[in-house]
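Heads up, the thing below is written out as C-alpha cells.
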Amino acid sequence: MGDKIRELNGRNVILSVAFLPDGKHLISGGWEGILRRWQVQDGREVGTPINTGPTICGTGTSKDGNWAVTTNLGVMVVSNAKTDAQVIARNGHANRWVRAVDVSPDSTRFATASDDQTACIWSITTGQLLVGPIMHETAVIAVKYSPQGDRIATATMRSINSVRIFDSRSGQLLHILPSAMPIGHEYCTPLTWSNHGQLFVGSAARIVCFNGLTGSLLSEWIIQTGGTHTSVAISSNGKFIACATDRSISFWDTSTRQRIGPIIQDPAAVYCIALSPDNMFLASGGGQNRIMLRSLRDVLPPGNLTSDVTPDVQGLATPPGIPDGNYRIRGNTGNLYLTRPQGGAGPVVVQPLNQSNGSQIWTFSRVVNGAYNIVGNTDAWLTAGIRNTLITGRRGTTWNFDPRGDAYLQDRNFCECHDYTTRTE
C-alpha cells in the first residue's frame, strides 16, 4: 500500500471492522445494514455486499478464513467469507440488539452479546444454541474468546462489576473482575486478550490488565485521551495495544505501559478498531460514514511491528517460558521463600516454607517476550525498592528470569521457582 492513509466510503456510520486472517481483506458493517469487504492493498471494495437487514452492530471472522459473522436486531448471520454467500440467519436474543460477536479460535463456534442482558454461544455451521443464555444484570455490549477458547470475557454497560469471565463450554461464571470501571457507551469494543492469556479492558480513561486464569489485577495505566467510549485491540505479537477513545487513537507498549508513537486525531467519534494479523495496518470506523485504513510502518517503531525470533546460538536451545500460574519463589541459599507482608503493601521478607501461608504464593503472568508481572494480590505487586530491597505495592516491576543450570521449574501448581537470578527492566 503506497499511501499511509486510505479513506474508504462506508456509506453510513461504521460500528464494526474486522480483518480476514489472510490480512489481505477487511470487512465492515454499520448503520447501513450491509456487510462490505475491502482489499487492504489498495482500499478497493471487492466481492458482493451482503444485506443483513437492520444496523450491523458486530462483525467477526474465523481463523480458518471460512466464515464471517454479523449481528443486528435479534439476528446473527453467518456468511461464507470466500464466496460472500449467506449460509445461516439465526434469530435469538429476544429480538433485542446483538451488540457484539466473536468467533472461537477453532472456528466452530461464535459468542454473542446482547441488550437482552445475556451472552450466548452458537454453532457456526448450524446456528444451534450451544451454551446459554448466560445471564447478566444489564445490557451486554462486548464478548471475546480467550486464545485457547476455553473462556469468554463479557462487558456490560454502566455497571460497577462490568467485566466477567465465563467457562465457554458450560457457561459457568469464573471471575467478576475487580477494579473495572463502568463502560459508558454501547458503541465500543473494550475487550482484548493477549496470546498469553492476559485480558485487557478499556474503560473510562484507562487500560486495565487482568490475569485471565485467576482474575487478578496485573496492571493499569491512565490514557490521557480517555473518553466515554473506549475500544482496544492488541497486536498479534503482543507488543502493543491500539486504543481508541472518542476521537483519538493512541498506542501503548504492553511491557512498559508507556505510550508509543503519536496520538492520531480523528474528526469524528471512533467506534471500532482492528489490527491486521501482520500488525502493519490499523482500521478504524465511526462517524462521518467512513473507514480509515492506516499503515503503521511510519507510525510505530519497527520493533513493535515484528515478532521476535531468537536464533539457536551454537546449538544452545532457548529455555522455555514460565506458564502463567501460582508459584512459591525460593532463593538459592537456604530453604527460604519470598513472603509478602500480611497487610498487602510493604517490605518483602524471606521465611522458611510454610504450606499454609498464602503470603508465600505469587501469581506469575507473562507480559511479553519473557517479561513477567509477579503479583501477590490486587494490592501486592512485587517491585524493586530503594537500596536493592523488595517491596509490594500498587505498581510493580516487570521481571525477566535467567535459568541456572538445569533447574528451571518443578510442579505446575504452587511449585518452587529456584536457582534464578532476577533483574528489573
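Residue names in the C-alpha cells use chain letters A, B, ... in the order shown, residue numbers from 1 in each chain, and ligand numbers from 1 in the order shown.
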
List as a list in words the protein and nucleic acid residues near range 72-77 of chain A, meaning an atom at most 9 Å away when only C-alpha atoms are counted, but skip any in the same chain fewer than 3 places from it.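 That gives Gly33, Thr52, Gly53, Pro54, Thr55, Ile56, Cys57, Gly58, Ala68, Val69, Gln86, Val87, Ile88, Ala89, Arg90, Asn91, Gly92, His93, Ala94, Asn95, Arg96, Trp97, Val98, Arg99, Ala100, Val101, Thr112, Ser114 and Gly127 of chain A.
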
Can I get the selected residues back with C-alpha atoms, as a compact mmCIF listing (two decimals), in the first residue's frame?
# COMPACT_ATOMS: atom_id res chain seq x y z
CA GLY A 33 -27.03 -2.83 7.39
CA THR A 52 -28.23 -8.49 6.54
CA GLY A 53 -31.18 -6.26 7.39
CA PRO A 54 -31.02 -3.56 10.08
CA THR A 55 -27.91 -1.95 11.50
CA ILE A 56 -24.89 -4.25 11.78
CA CYS A 57 -23.57 -3.94 15.33
CA GLY A 58 -20.86 -6.62 15.33
CA ALA A 68 -17.81 -14.08 8.56
CA VAL A 69 -20.45 -13.45 11.23
CA GLN A 86 -25.16 -16.09 3.28
CA VAL A 87 -25.23 -19.50 4.97
CA ILE A 88 -27.24 -19.08 8.19
CA ALA A 89 -29.59 -16.42 9.55
CA ARG A 90 -30.42 -17.25 13.18
CA ASN A 91 -32.97 -15.41 15.31
CA GLY A 92 -32.24 -15.02 19.00
CA HIS A 93 -31.75 -12.73 21.97
CA ALA A 94 -35.47 -11.92 22.25
CA ASN A 95 -35.32 -9.65 19.20
CA ARG A 96 -33.02 -7.19 21.02
CA TRP A 97 -29.88 -5.63 19.61
CA VAL A 98 -26.95 -8.05 19.46
CA ARG A 99 -24.05 -5.70 20.13
CA ALA A 100 -21.02 -7.92 19.59
CA VAL A 101 -19.80 -11.23 18.20
CA THR A 112 -22.72 -13.05 21.08
CA SER A 114 -26.93 -8.53 23.59
CA GLY A 127 -26.70 -21.92 14.21

Please list as a PyMOL selection string every residue within 12 Å of Ile134 in chain A, counting only C-alpha atoms and excluding residues in the same chain fewer than 4 positions away. chain A and resi 93+111-114+116-121+129-130+138-140+143+152-154+164-173

Give me a file of those residues, with N, CA, C and O atoms, as a tab-separated table (two decimals), in the first residue's frame.
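Resulting contents of selection06.tsv:
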chain	number	residue	atom	x	y	z
A	93	HIS	N	-31.89	-13.88	21.06
A	93	HIS	CA	-31.75	-12.73	21.97
A	93	HIS	C	-33.02	-11.89	22.04
A	93	HIS	O	-32.95	-10.66	22.17
A	111	ALA	N	-19.63	-16.48	19.80
A	111	ALA	CA	-20.27	-15.97	21.00
A	111	ALA	C	-20.87	-14.60	20.70
A	111	ALA	O	-20.32	-13.82	19.92
A	112	THR	N	-22.02	-14.31	21.33
A	112	THR	CA	-22.72	-13.05	21.08
A	112	THR	C	-23.05	-12.37	22.39
A	112	THR	O	-23.21	-13.00	23.44
A	113	ALA	N	-23.18	-11.05	22.33
A	113	ALA	CA	-23.54	-10.22	23.49
A	113	ALA	C	-24.70	-9.32	23.10
A	113	ALA	O	-24.69	-8.74	22.01
A	114	SER	N	-25.69	-9.18	24.00
A	114	SER	CA	-26.93	-8.53	23.59
A	114	SER	C	-27.51	-7.60	24.65
A	114	SER	O	-27.25	-7.74	25.85
A	116	ASP	N	-30.40	-7.84	25.60
A	116	ASP	CA	-31.34	-8.61	26.43
A	116	ASP	C	-30.68	-9.12	27.72
A	116	ASP	O	-31.23	-9.96	28.42
A	117	GLN	N	-29.46	-8.60	28.01
A	117	GLN	CA	-28.72	-8.90	29.24
A	117	GLN	C	-28.17	-10.32	29.27
A	117	GLN	O	-27.98	-10.91	30.33
A	118	THR	N	-27.89	-10.87	28.09
A	118	THR	CA	-27.34	-12.22	28.02
A	118	THR	C	-26.19	-12.29	27.03
A	118	THR	O	-26.04	-11.45	26.14
A	119	ALA	N	-25.37	-13.33	27.21
A	119	ALA	CA	-24.40	-13.77	26.21
A	119	ALA	C	-24.74	-15.20	25.84
A	119	ALA	O	-25.23	-15.97	26.68
A	120	CYS	N	-24.48	-15.57	24.59
A	120	CYS	CA	-24.79	-16.92	24.12
A	120	CYS	C	-23.65	-17.43	23.24
A	120	CYS	O	-22.89	-16.64	22.68
A	121	ILE	N	-23.57	-18.74	23.12
A	121	ILE	CA	-22.59	-19.38	22.25
A	121	ILE	C	-23.33	-20.30	21.29
A	121	ILE	O	-24.17	-21.11	21.71
A	129	LEU	N	-28.00	-23.16	19.33
A	129	LEU	CA	-27.56	-22.60	20.61
A	129	LEU	C	-26.87	-23.70	21.40
A	129	LEU	O	-27.46	-24.74	21.69
A	130	LEU	N	-25.60	-23.48	21.77
A	130	LEU	CA	-24.81	-24.49	22.46
A	130	LEU	C	-24.66	-24.20	23.95
A	130	LEU	O	-24.68	-25.11	24.77
A	138	THR	N	-27.31	-6.24	33.36
A	138	THR	CA	-27.57	-5.14	32.43
A	138	THR	C	-27.18	-5.59	31.03
A	138	THR	O	-26.71	-6.70	30.81
A	139	ALA	N	-27.37	-4.68	30.06
A	139	ALA	CA	-27.07	-5.00	28.67
A	139	ALA	C	-25.60	-5.40	28.50
A	139	ALA	O	-24.70	-4.77	29.07
A	140	VAL	N	-25.37	-6.45	27.72
A	140	VAL	CA	-24.02	-6.92	27.45
A	140	VAL	C	-23.58	-6.35	26.10
A	140	VAL	O	-24.26	-6.54	25.10
A	143	VAL	N	-18.05	-9.18	23.91
A	143	VAL	CA	-17.70	-10.57	24.24
A	143	VAL	C	-16.45	-10.93	23.46
A	143	VAL	O	-16.31	-10.57	22.28
A	152	ILE	N	-14.68	-17.12	27.86
A	152	ILE	CA	-15.09	-15.88	27.21
A	152	ILE	C	-15.13	-14.78	28.26
A	152	ILE	O	-15.42	-15.04	29.43
A	153	ALA	N	-14.80	-13.59	27.84
A	153	ALA	CA	-14.96	-12.41	28.69
A	153	ALA	C	-16.12	-11.60	28.15
A	153	ALA	O	-16.32	-11.51	26.93
A	154	THR	N	-16.90	-11.01	29.04
A	154	THR	CA	-18.01	-10.16	28.64
A	154	THR	C	-17.90	-8.82	29.34
A	154	THR	O	-17.29	-8.70	30.40
A	164	ARG	N	-16.63	-9.75	33.21
A	164	ARG	CA	-16.70	-11.08	33.80
A	164	ARG	C	-16.06	-12.09	32.86
A	164	ARG	O	-15.99	-11.89	31.65
A	165	ILE	N	-15.61	-13.20	33.44
A	165	ILE	CA	-15.04	-14.31	32.67
A	165	ILE	C	-15.85	-15.56	32.95
A	165	ILE	O	-16.13	-15.88	34.11
A	166	PHE	N	-16.22	-16.28	31.88
A	166	PHE	CA	-17.03	-17.48	31.97
A	166	PHE	C	-16.31	-18.64	31.31
A	166	PHE	O	-15.51	-18.45	30.38
A	167	ASP	N	-16.63	-19.86	31.75
A	167	ASP	CA	-16.23	-21.07	31.05
A	167	ASP	C	-17.04	-21.15	29.76
A	167	ASP	O	-18.27	-21.11	29.79
A	168	SER	N	-16.36	-21.26	28.62
A	168	SER	CA	-17.06	-21.21	27.34
A	168	SER	C	-17.79	-22.50	27.00
A	168	SER	O	-18.62	-22.52	26.08
A	169	ARG	N	-17.51	-23.59	27.71
A	169	ARG	CA	-18.19	-24.85	27.44
A	169	ARG	C	-19.44	-25.03	28.29
A	169	ARG	O	-20.42	-25.60	27.85
A	170	SER	N	-19.37	-24.52	29.52
A	170	SER	CA	-20.50	-24.72	30.44
A	170	SER	C	-21.28	-23.44	30.72
A	170	SER	O	-22.42	-23.50	31.18
A	171	GLY	N	-20.67	-22.27	30.47
A	171	GLY	CA	-21.30	-21.01	30.82
A	171	GLY	C	-21.14	-20.64	32.29
A	171	GLY	O	-21.70	-19.65	32.74
A	172	GLN	N	-20.35	-21.41	33.03
A	172	GLN	CA	-20.15	-21.14	34.46
A	172	GLN	C	-19.37	-19.86	34.65
A	172	GLN	O	-18.36	-19.60	33.99
A	173	LEU	N	-19.83	-19.03	35.61
A	173	LEU	CA	-19.11	-17.81	35.95
A	173	LEU	C	-17.83	-18.16	36.69
A	173	LEU	O	-17.86	-18.86	37.71

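Here the question is which of A:Thr306, A:Asn12, A:Ser194, A:Gln360 gets nearest to Lys144 in chain A using only C-alpha atoms, and that residue is A:Ser194.
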
Exercise: range 239-245 of chain A partners within 9 Å, only C-alpha atoms, chain neighbours under 4 positions left out, as an mmCIF file with C-alpha atoms, in the first residue's frame:
data_model
loop_
_atom_site.group_PDB
_atom_site.id
_atom_site.type_symbol
_atom_site.label_atom_id
_atom_site.label_comp_id
_atom_site.auth_asym_id
_atom_site.auth_seq_id
_atom_site.Cartn_x
_atom_site.Cartn_y
_atom_site.Cartn_z
ATOM 1 C CA CYS A 188 -17.150 0.347 21.594
ATOM 2 C CA PRO A 190 -13.472 -2.629 25.233
ATOM 3 C CA THR A 192 -8.921 -7.825 24.004
ATOM 4 C CA PHE A 200 -7.004 -6.027 28.650
ATOM 5 C CA GLY A 202 -10.509 -0.291 28.091
ATOM 6 C CA ALA A 204 -13.196 5.363 31.236
ATOM 7 C CA ALA A 205 -9.723 6.937 30.973
ATOM 8 C CA ILE A 207 -6.480 0.425 30.347
ATOM 9 C CA ILE A 223 -4.945 7.104 28.951
ATOM 10 C CA THR A 225 -7.094 10.825 25.750
ATOM 11 C CA GLY A 226 -9.738 8.978 27.790
ATOM 12 C CA GLY A 227 -13.412 9.447 26.932
ATOM 13 C CA THR A 228 -16.857 7.906 27.172
ATOM 14 C CA HIS A 229 -16.297 5.023 24.762
ATOM 15 C CA THR A 230 -13.036 3.112 24.575
ATOM 16 C CA SER A 231 -12.059 0.363 22.126
ATOM 17 C CA VAL A 232 -8.867 -1.692 22.400
ATOM 18 C CA ALA A 233 -7.053 -4.147 20.114
ATOM 19 C CA ILE A 234 -3.786 -5.965 20.821
ATOM 20 C CA SER A 235 -1.151 -6.767 18.218
ATOM 21 C CA ILE A 249 -6.285 6.737 18.770
ATOM 22 C CA SER A 250 -3.156 6.019 20.815
ATOM 23 C CA PHE A 251 -0.682 3.131 21.040
ATOM 24 C CA TRP A 252 0.747 1.576 24.212
ATOM 25 C CA ASP A 253 3.696 -0.723 24.880
ATOM 26 C CA THR A 254 2.378 -3.721 26.843
ATOM 27 C CA SER A 255 5.602 -4.278 28.794
ATOM 28 C CA ARG A 257 2.782 0.627 29.783
ATOM 29 C CA ILE A 260 4.482 4.867 21.764
ATOM 30 C CA ALA A 269 -16.000 9.687 17.022
ATOM 31 C CA VAL A 270 -14.211 6.333 16.609
ATOM 32 C CA TYR A 271 -16.475 3.381 17.478
ATOM 33 C CA CYS A 272 -14.334 0.426 16.388
ATOM 34 C CA ILE A 273 -10.747 -0.521 15.583
ATOM 35 C CA ALA A 274 -8.911 -3.593 14.295
ATOM 36 C CA LEU A 275 -5.259 -4.502 13.724
ATOM 37 C CA LEU A 282 -4.950 -0.270 11.598
ATOM 38 C CA SER A 284 -10.989 2.312 12.357
ATOM 39 C CA GLY A 303 10.498 -3.319 16.677
ATOM 40 C CA ASN A 304 6.880 -3.093 17.809
ATOM 41 C CA LEU A 305 5.543 -4.378 14.499
ATOM 42 C CA THR A 306 7.638 -7.515 14.094
ATOM 43 C CA SER A 307 7.797 -10.764 16.043
ATOM 44 C CA VAL A 367 3.525 -9.593 29.781
ATOM 45 C CA VAL A 368 5.574 -10.021 26.602
ATOM 46 C CA ASN A 369 8.802 -11.628 25.369
#

Neighbouring residues of Met280 in chain A were defined as those with any atom within 7 Å, considering only C-alpha atoms; residues of the same chain fewer than 5 positions away were excluded. Please report them as a PyMOL selection string. chain A and resi 295-297+305

One decimal, Å: what's the distance from CA of Phe364 in chain A over to CA of Leu199 in chain A, could you say?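 CA of Leu199 in chain A lies at a distance of 14.3 Å from CA of Phe364 in chain A.
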
Rounded to one decimal, what separation in Å do you get between CA of Phe210 in chain A and CA of Gly238 in chain A?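 Interatomic distance, CA of Phe210 in chain A to CA of Gly238 in chain A: 14.5 Å.
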
Which neighbours of Met292 in chain A fall inside 7 Å, counting only C-alpha atoms, when residues of the same chain fewer than 5 positions from it are skipped, and could you give them as a PDB file with C-alpha atoms, in the first residue's frame?
ATOM      1  CA  ILE A   5      -3.830   6.508   4.965  1.00  0.00           C
ATOM      2  CA  ARG A   6      -6.770   5.369   2.864  1.00  0.00           C
ATOM      3  CA  GLU A   7     -10.282   6.665   3.409  1.00  0.00           C
ATOM      4  CA  LEU A   8     -12.986   4.134   2.474  1.00  0.00           C
ATOM      5  CA  ALA A 283      -8.587   0.019  10.535  1.00  0.00           C
ATOM      6  CA  SER A 284     -10.989   2.312  12.357  1.00  0.00           C
ATOM      7  CA  GLY A 285     -14.599   3.257  11.837  1.00  0.00           C
TER       8      GLY A 285
END

Let's see if you can do this: from backbone DSSP, list all strand (DSSP E) residues in range 106-183 of chain A, as a ChimeraX atom specification. /A:109-114,118-123,129-135,140-145,151-156,163-167,173-176

For the selection just defined, write its residues with N, CA and C atoms to a file, as a compact mmCIF listing (two decimals), in the first residue's frame.
# COMPACT_ATOMS: atom_id res chain seq x y z
N ARG A 109 -17.44 -22.22 16.66
CA ARG A 109 -18.49 -21.57 17.44
C ARG A 109 -18.35 -20.05 17.34
N PHE A 110 -19.43 -19.37 17.71
CA PHE A 110 -19.32 -17.92 17.89
C PHE A 110 -20.13 -17.50 19.11
N ALA A 111 -19.63 -16.48 19.80
CA ALA A 111 -20.27 -15.97 21.00
C ALA A 111 -20.87 -14.60 20.70
N THR A 112 -22.02 -14.31 21.33
CA THR A 112 -22.72 -13.05 21.08
C THR A 112 -23.05 -12.37 22.39
N ALA A 113 -23.18 -11.05 22.33
CA ALA A 113 -23.54 -10.22 23.49
C ALA A 113 -24.70 -9.32 23.10
N SER A 114 -25.69 -9.18 24.00
CA SER A 114 -26.93 -8.53 23.59
C SER A 114 -27.51 -7.60 24.65
N THR A 118 -27.89 -10.87 28.09
CA THR A 118 -27.34 -12.22 28.02
C THR A 118 -26.19 -12.29 27.03
N ALA A 119 -25.37 -13.33 27.21
CA ALA A 119 -24.40 -13.77 26.21
C ALA A 119 -24.74 -15.20 25.84
N CYS A 120 -24.48 -15.57 24.59
CA CYS A 120 -24.79 -16.92 24.12
C CYS A 120 -23.65 -17.43 23.24
N ILE A 121 -23.57 -18.74 23.12
CA ILE A 121 -22.59 -19.38 22.25
C ILE A 121 -23.33 -20.30 21.29
N TRP A 122 -23.00 -20.21 20.00
CA TRP A 122 -23.73 -20.88 18.93
C TRP A 122 -22.78 -21.70 18.06
N SER A 123 -23.33 -22.71 17.39
CA SER A 123 -22.58 -23.45 16.38
C SER A 123 -22.47 -22.60 15.13
N LEU A 129 -28.00 -23.16 19.33
CA LEU A 129 -27.56 -22.60 20.61
C LEU A 129 -26.87 -23.70 21.40
N LEU A 130 -25.60 -23.48 21.77
CA LEU A 130 -24.81 -24.49 22.46
C LEU A 130 -24.66 -24.20 23.95
N VAL A 131 -24.49 -22.93 24.30
CA VAL A 131 -24.30 -22.53 25.70
C VAL A 131 -25.10 -21.26 25.95
N GLY A 132 -25.82 -21.26 27.06
CA GLY A 132 -26.57 -20.06 27.43
C GLY A 132 -28.06 -20.23 27.24
N PRO A 133 -28.77 -19.12 27.42
CA PRO A 133 -28.25 -17.77 27.63
C PRO A 133 -27.57 -17.61 28.99
N ILE A 134 -26.42 -16.89 28.98
CA ILE A 134 -25.66 -16.58 30.18
C ILE A 134 -26.15 -15.23 30.69
N MET A 135 -26.75 -15.23 31.87
CA MET A 135 -27.44 -14.06 32.35
C MET A 135 -26.49 -13.02 32.95
N VAL A 140 -25.37 -6.45 27.72
CA VAL A 140 -24.02 -6.92 27.45
C VAL A 140 -23.58 -6.35 26.10
N ILE A 141 -22.46 -5.62 26.11
CA ILE A 141 -22.06 -4.90 24.89
C ILE A 141 -20.81 -5.47 24.24
N ALA A 142 -20.12 -6.42 24.90
CA ALA A 142 -18.89 -6.95 24.32
C ALA A 142 -18.69 -8.38 24.76
N VAL A 143 -18.05 -9.18 23.91
CA VAL A 143 -17.70 -10.57 24.24
C VAL A 143 -16.45 -10.93 23.46
N LYS A 144 -15.50 -11.62 24.14
CA LYS A 144 -14.26 -12.03 23.49
C LYS A 144 -13.82 -13.39 23.99
N TYR A 145 -13.44 -14.27 23.06
CA TYR A 145 -12.87 -15.57 23.41
C TYR A 145 -11.42 -15.40 23.87
N ARG A 151 -12.47 -19.94 27.51
CA ARG A 151 -13.16 -18.92 28.29
C ARG A 151 -13.66 -17.82 27.37
N ILE A 152 -14.68 -17.12 27.86
CA ILE A 152 -15.09 -15.88 27.21
C ILE A 152 -15.13 -14.78 28.26
N ALA A 153 -14.80 -13.59 27.84
CA ALA A 153 -14.96 -12.41 28.69
C ALA A 153 -16.12 -11.60 28.15
N THR A 154 -16.90 -11.01 29.04
CA THR A 154 -18.01 -10.16 28.64
C THR A 154 -17.90 -8.82 29.34
N ALA A 155 -18.49 -7.81 28.74
CA ALA A 155 -18.54 -6.48 29.35
C ALA A 155 -19.96 -5.95 29.28
N THR A 156 -20.41 -5.36 30.37
CA THR A 156 -21.73 -4.73 30.42
C THR A 156 -21.55 -3.23 30.54
N VAL A 163 -17.06 -6.36 33.97
CA VAL A 163 -16.33 -7.36 33.19
C VAL A 163 -16.32 -8.69 33.94
N ARG A 164 -16.63 -9.75 33.21
CA ARG A 164 -16.70 -11.08 33.80
C ARG A 164 -16.06 -12.09 32.86
N ILE A 165 -15.61 -13.20 33.44
CA ILE A 165 -15.04 -14.31 32.67
C ILE A 165 -15.85 -15.56 32.95
N PHE A 166 -16.22 -16.28 31.88
CA PHE A 166 -17.03 -17.48 31.97
C PHE A 166 -16.31 -18.64 31.31
N ASP A 167 -16.63 -19.86 31.75
CA ASP A 167 -16.23 -21.07 31.05
C ASP A 167 -17.04 -21.15 29.76
N LEU A 173 -19.83 -19.03 35.61
CA LEU A 173 -19.11 -17.81 35.95
C LEU A 173 -17.83 -18.16 36.69
N LEU A 174 -16.69 -17.67 36.21
CA LEU A 174 -15.40 -17.94 36.83
C LEU A 174 -14.89 -16.76 37.64
N HIS A 175 -15.02 -15.56 37.09
CA HIS A 175 -14.48 -14.39 37.77
C HIS A 175 -15.34 -13.16 37.48
N ILE A 176 -15.59 -12.36 38.51
CA ILE A 176 -16.04 -10.99 38.35
C ILE A 176 -14.82 -10.13 38.63

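For the set A:Pro352, A:Gly149, A:Pro105, A:Pro262, the residue with the smallest atom-to-atom gap to Ile329 in chain A is A:Pro352, counting only C-alpha atoms.
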